[in-house]
file model07.pdb (PDB, C-alpha atoms)
ATOM      1  CA  MET A  72     108.837 105.720 121.558  1.00  0.00           C
ATOM      2  CA  PHE A  73     105.880 106.808 123.689  1.00  0.00           C
ATOM      3  CA  LYS A  74     104.666 104.718 126.613  1.00  0.00           C
ATOM      4  CA  VAL A  75     101.980 104.702 129.261  1.00  0.00           C
ATOM      5  CA  ARG A  76     102.920 102.865 132.460  1.00  0.00           C
ATOM      6  CA  GLY A  77     105.778 101.154 130.602  1.00  0.00           C
ATOM      7  CA  LYS A  78     103.655  99.932 127.668  1.00  0.00           C
ATOM      8  CA  VAL A  79     104.256 101.278 124.147  1.00  0.00           C
ATOM      9  CA  PHE A  80     101.345 102.996 122.418  1.00  0.00           C
ATOM     10  CA  MET A  81     103.220 105.000 119.729  1.00  0.00           C
ATOM     11  CA  LEU A  82     106.497 104.863 117.836  1.00  0.00           C
ATOM     12  CA  MET A  83     107.889 107.590 115.618  1.00  0.00           C
ATOM     13  CA  THR A  84     110.532 106.536 113.108  1.00  0.00           C
ATOM     14  CA  GLU A  85     111.554 106.656 109.468  1.00  0.00           C
ATOM     15  CA  VAL A  86     110.831 103.940 106.944  1.00  0.00           C
ATOM     16  CA  PRO A  87     113.416 104.336 104.236  1.00  0.00           C
ATOM     17  CA  GLY A  88     113.673 108.095 104.647  1.00  0.00           C
ATOM     18  CA  ARG A  89     109.949 108.759 105.219  1.00  0.00           C
ATOM     19  CA  PRO A  90     108.776 109.815 108.686  1.00  0.00           C
ATOM     20  CA  VAL A  91     106.010 107.566 110.029  1.00  0.00           C
ATOM     21  CA  VAL A  92     104.041 106.990 113.212  1.00  0.00           C
ATOM     22  CA  ILE A  93     103.229 103.446 114.344  1.00  0.00           C
ATOM     23  CA  LEU A  94     100.128 103.082 116.516  1.00  0.00           C
ATOM     24  CA  LYS A  95      98.134 100.356 118.217  1.00  0.00           C
ATOM     25  CA  ALA A  96      94.666  99.880 116.725  1.00  0.00           C
ATOM     26  CA  ASP A  97      91.635  97.673 117.176  1.00  0.00           C
ATOM     27  CA  PRO A  98      92.037  94.873 114.568  1.00  0.00           C
ATOM     28  CA  GLY A  99      88.694  95.538 112.835  1.00  0.00           C
ATOM     29  CA  GLU A 100      89.265  99.271 112.775  1.00  0.00           C
ATOM     30  CA  ALA A 101      92.843  98.812 111.559  1.00  0.00           C
ATOM     31  CA  LEU A 102      91.617  96.811 108.582  1.00  0.00           C
ATOM     32  CA  ALA A 103      88.989  99.435 107.719  1.00  0.00           C
ATOM     33  CA  LEU A 104      91.528 102.262 108.053  1.00  0.00           C
ATOM     34  CA  ARG A 105      93.964 100.492 105.714  1.00  0.00           C
ATOM     35  CA  GLU A 106      91.214  99.923 103.151  1.00  0.00           C
ATOM     36  CA  GLN A 107      90.083 103.581 103.280  1.00  0.00           C
ATOM     37  CA  ASN A 108      93.441 105.364 103.275  1.00  0.00           C
ATOM     38  CA  SER A 109      96.564 104.531 101.270  1.00  0.00           C
ATOM     39  CA  HIS A 110      98.692 106.359 103.875  1.00  0.00           C
ATOM     40  CA  ILE A 111      97.743 103.812 106.555  1.00  0.00           C
ATOM     41  CA  THR A 112      99.475 100.444 106.265  1.00  0.00           C
ATOM     42  CA  PRO A 113     100.116  97.457 108.560  1.00  0.00           C
ATOM     43  CA  GLY A 114     102.403  98.186 111.516  1.00  0.00           C
ATOM     44  CA  TYR A 115     106.024  98.355 110.407  1.00  0.00           C
ATOM     45  CA  HIS A 116     107.985  95.655 112.320  1.00  0.00           C
ATOM     46  CA  MET A 117     104.976  95.131 114.604  1.00  0.00           C
ATOM     47  CA  ASN A 118     102.041  92.724 114.802  1.00  0.00           C
ATOM     48  CA  LYS A 119     100.205  93.527 111.551  1.00  0.00           C
ATOM     49  CA  LYS A 120      96.814  92.751 113.080  1.00  0.00           C
ATOM     50  CA  HIS A 121      97.096  95.121 116.062  1.00  0.00           C
ATOM     51  CA  TRP A 122      99.336  97.927 114.791  1.00  0.00           C
ATOM     52  CA  ILE A 123      99.145 100.435 111.928  1.00  0.00           C
ATOM     53  CA  THR A 124     101.727 102.666 110.270  1.00  0.00           C
ATOM     54  CA  LEU A 125     100.612 106.184 109.424  1.00  0.00           C
ATOM     55  CA  GLU A 126     102.508 108.448 107.073  1.00  0.00           C
ATOM     56  CA  GLY A 127     101.667 111.965 105.991  1.00  0.00           C
ATOM     57  CA  GLY A 128      99.736 112.587 102.838  1.00  0.00           C
ATOM     58  CA  GLU A 129      96.393 113.562 101.384  1.00  0.00           C
ATOM     59  CA  GLY A 130      93.573 112.745 103.760  1.00  0.00           C
ATOM     60  CA  VAL A 131      95.824 112.621 106.823  1.00  0.00           C
ATOM     61  CA  GLY A 132      94.908 115.721 108.795  1.00  0.00           C
ATOM     62  CA  LYS A 133      95.615 116.786 112.351  1.00  0.00           C
ATOM     63  CA  GLU A 134      92.232 115.547 113.562  1.00  0.00           C
ATOM     64  CA  LEU A 135      92.769 112.027 112.182  1.00  0.00           C
ATOM     65  CA  VAL A 136      96.244 111.858 113.725  1.00  0.00           C
ATOM     66  CA  ARG A 137      94.913 113.102 117.078  1.00  0.00           C
ATOM     67  CA  GLU A 138      92.097 110.541 117.004  1.00  0.00           C
ATOM     68  CA  LEU A 139      94.394 107.630 116.110  1.00  0.00           C
ATOM     69  CA  VAL A 140      96.957 108.558 118.786  1.00  0.00           C
ATOM     70  CA  THR A 141      94.203 108.877 121.416  1.00  0.00           C
ATOM     71  CA  ASP A 142      92.683 105.543 120.365  1.00  0.00           C
ATOM     72  CA  SER A 143      96.088 103.861 120.589  1.00  0.00           C
ATOM     73  CA  TYR A 144      96.695 105.305 124.055  1.00  0.00           C
ATOM     74  CA  LEU A 145      93.278 104.205 125.297  1.00  0.00           C
ATOM     75  CA  LEU A 146      93.680 100.674 123.887  1.00  0.00           C
ATOM     76  CA  VAL A 147      96.890 100.257 125.856  1.00  0.00           C
ATOM     77  CA  VAL A 148      95.423 101.842 129.014  1.00  0.00           C
ATOM     78  CA  ASP A 149      92.403  99.526 128.799  1.00  0.00           C
ATOM     79  CA  HIS A 150      94.695  96.499 129.136  1.00  0.00           C
ATOM     80  CA  LEU A 151      96.465  97.815 132.237  1.00  0.00           C
ATOM     81  CA  PRO A 152      95.317  96.760 135.700  1.00  0.00           C
ATOM     82  CA  LYS A 153      92.643  99.199 136.924  1.00  0.00           C
ATOM     83  CA  ALA A 154      94.908 100.523 139.684  1.00  0.00           C
ATOM     84  CA  GLU A 155      97.517 101.530 137.061  1.00  0.00           C
ATOM     85  CA  GLN A 156      95.138 103.209 134.592  1.00  0.00           C
ATOM     86  CA  PRO A 157      95.856 106.973 134.515  1.00  0.00           C
ATOM     87  CA  VAL A 158      92.398 107.568 132.956  1.00  0.00           C
ATOM     88  CA  ASP A 159      89.262 105.495 132.569  1.00  0.00           C
ATOM     89  CA  PRO A 160      89.428 104.384 128.915  1.00  0.00           C
ATOM     90  CA  ARG A 161      85.655 103.896 128.745  1.00  0.00           C
ATOM     91  CA  THR A 162      84.805 107.477 129.716  1.00  0.00           C
ATOM     92  CA  TYR A 163      87.867 109.448 128.585  1.00  0.00           C
ATOM     93  CA  GLY A 164      86.891 112.073 126.038  1.00  0.00           C
ATOM     94  CA  ASN A 165      83.200 111.899 126.923  1.00  0.00           C
ATOM     95  CA  GLY A 166      83.401 115.010 129.083  1.00  0.00           C
ATOM     96  CA  THR A 167      83.755 112.900 132.215  1.00  0.00           C
ATOM     97  CA  ARG A 168      87.440 112.316 132.791  1.00  0.00           C
ATOM     98  CA  ALA A 169      88.076 110.041 135.700  1.00  0.00           C
ATOM     99  CA  ALA A 170      91.491 110.736 137.177  1.00  0.00           C
ATOM    100  CA  ARG A 171      93.190 107.853 138.921  1.00  0.00           C
TER     101      ARG A 171
END
call {"tool": "encode", "arguments": {"input": "model07.pdb", "output": "structure tokens"}}
result
Amino acid sequence: MFKVRGKVFMLMTEVPGRPVVILKADPGEALALREQNSHITPGYHMNKKHWITLEGGEGVGKELVRELVTDSYLLVVDHLPKAEQPVDPRTYGNGTRAAR
């Protein structure tokens, strides 16, 4: 389980013997991701609208995993009080990191 300021943004587990990563996702993006990639399914034991399960397979490269993990982290950070945000989720990754 991976957290930012006590809030979960990623879980790593096994779903009957298969390693998976469970990540928070924007509901619209989560739906599109599930439609485009058979290795992305609704969040296992999580809110199916806001979480996705990612398992390895064709079309799941390092860059996609990195992007989905970063997006999950930033979604959780965005819902923290400003004083608790370790980065500014609106500018993070745009070359202008705002440390807090």
call {"tool": "resolve_selection", "arguments": {"input": "model07.pdb", "expression": "the PyMOL selection byres ((chain A and resi 148) around 12)", "output": "count of residues only"}}
result
30
call {"tool": "closest_residue", "arguments": {"input": "model07.pdb", "among": "A:Val86, A:Leu102, A:Met72, A:Leu125", "to": "A:Arg137", "atoms": "all atoms listed in the file"}}
result
A:Leu125
call {"tool": "resolve_selection", "arguments": {"input": "model07.pdb", "expression": "the PyMOL selection byres ((chain A and resi 116) around 12)", "output": "list of chain:residue names"}}
result
A:Leu82, A:Thr84, A:Glu85, A:Val86, A:Ile93, A:Leu94, A:Thr112, A:Pro113, A:Gly114, A:Tyr115, A:Met117, A:Asn118, A:Lys119, A:Lys120, A:His121, A:Trp122, A:Ile123, A:Thr124
call {"tool": "axis_aligned_box", "arguments": {"input": "model07.pdb", "around": "stretch 105-113 of chain A", "padding_each_side": "5 Å", "output": "AutoDock Vina command-line options"}}
result
--center_x 95.1 --center_y 101.9 --center_z 104.9 --size_x 20.0 --size_y 18.9 --size_z 17.3
call {"tool": "closest_residue", "arguments": {"input": "model07.pdb", "among": "A:Val136, A:Val91, A:Ala96, A:Val131", "to": "A:Asn108", "atoms": "only C-alpha atoms"}}
result
A:Val131
call {"tool": "closest_residue", "arguments": {"input": "model07.pdb", "among": "A:Met83, A:Gly164, A:Gly130, A:Leu139", "to": "A:Ala101", "atoms": "only C-alpha atoms"}}
result
A:Leu139
call {"tool": "atom_distance", "arguments": {"input": "model07.pdb", "atom1": "atom CA of A:Ile111", "atom2": "atom CA of A:Glu126"}}
result
6.7 Å
call {"tool": "atom_distance", "arguments": {"input": "model07.pdb", "atom1": "atom CA of A:Lys133", "atom2": "atom CA of A:Leu104"}}
result
15.7 Å
call {"tool": "atom_distance", "arguments": {"input": "model07.pdb", "atom1": "atom CA of A:Arg89", "atom2": "atom CA of A:Leu135"}}
result
18.8 Å
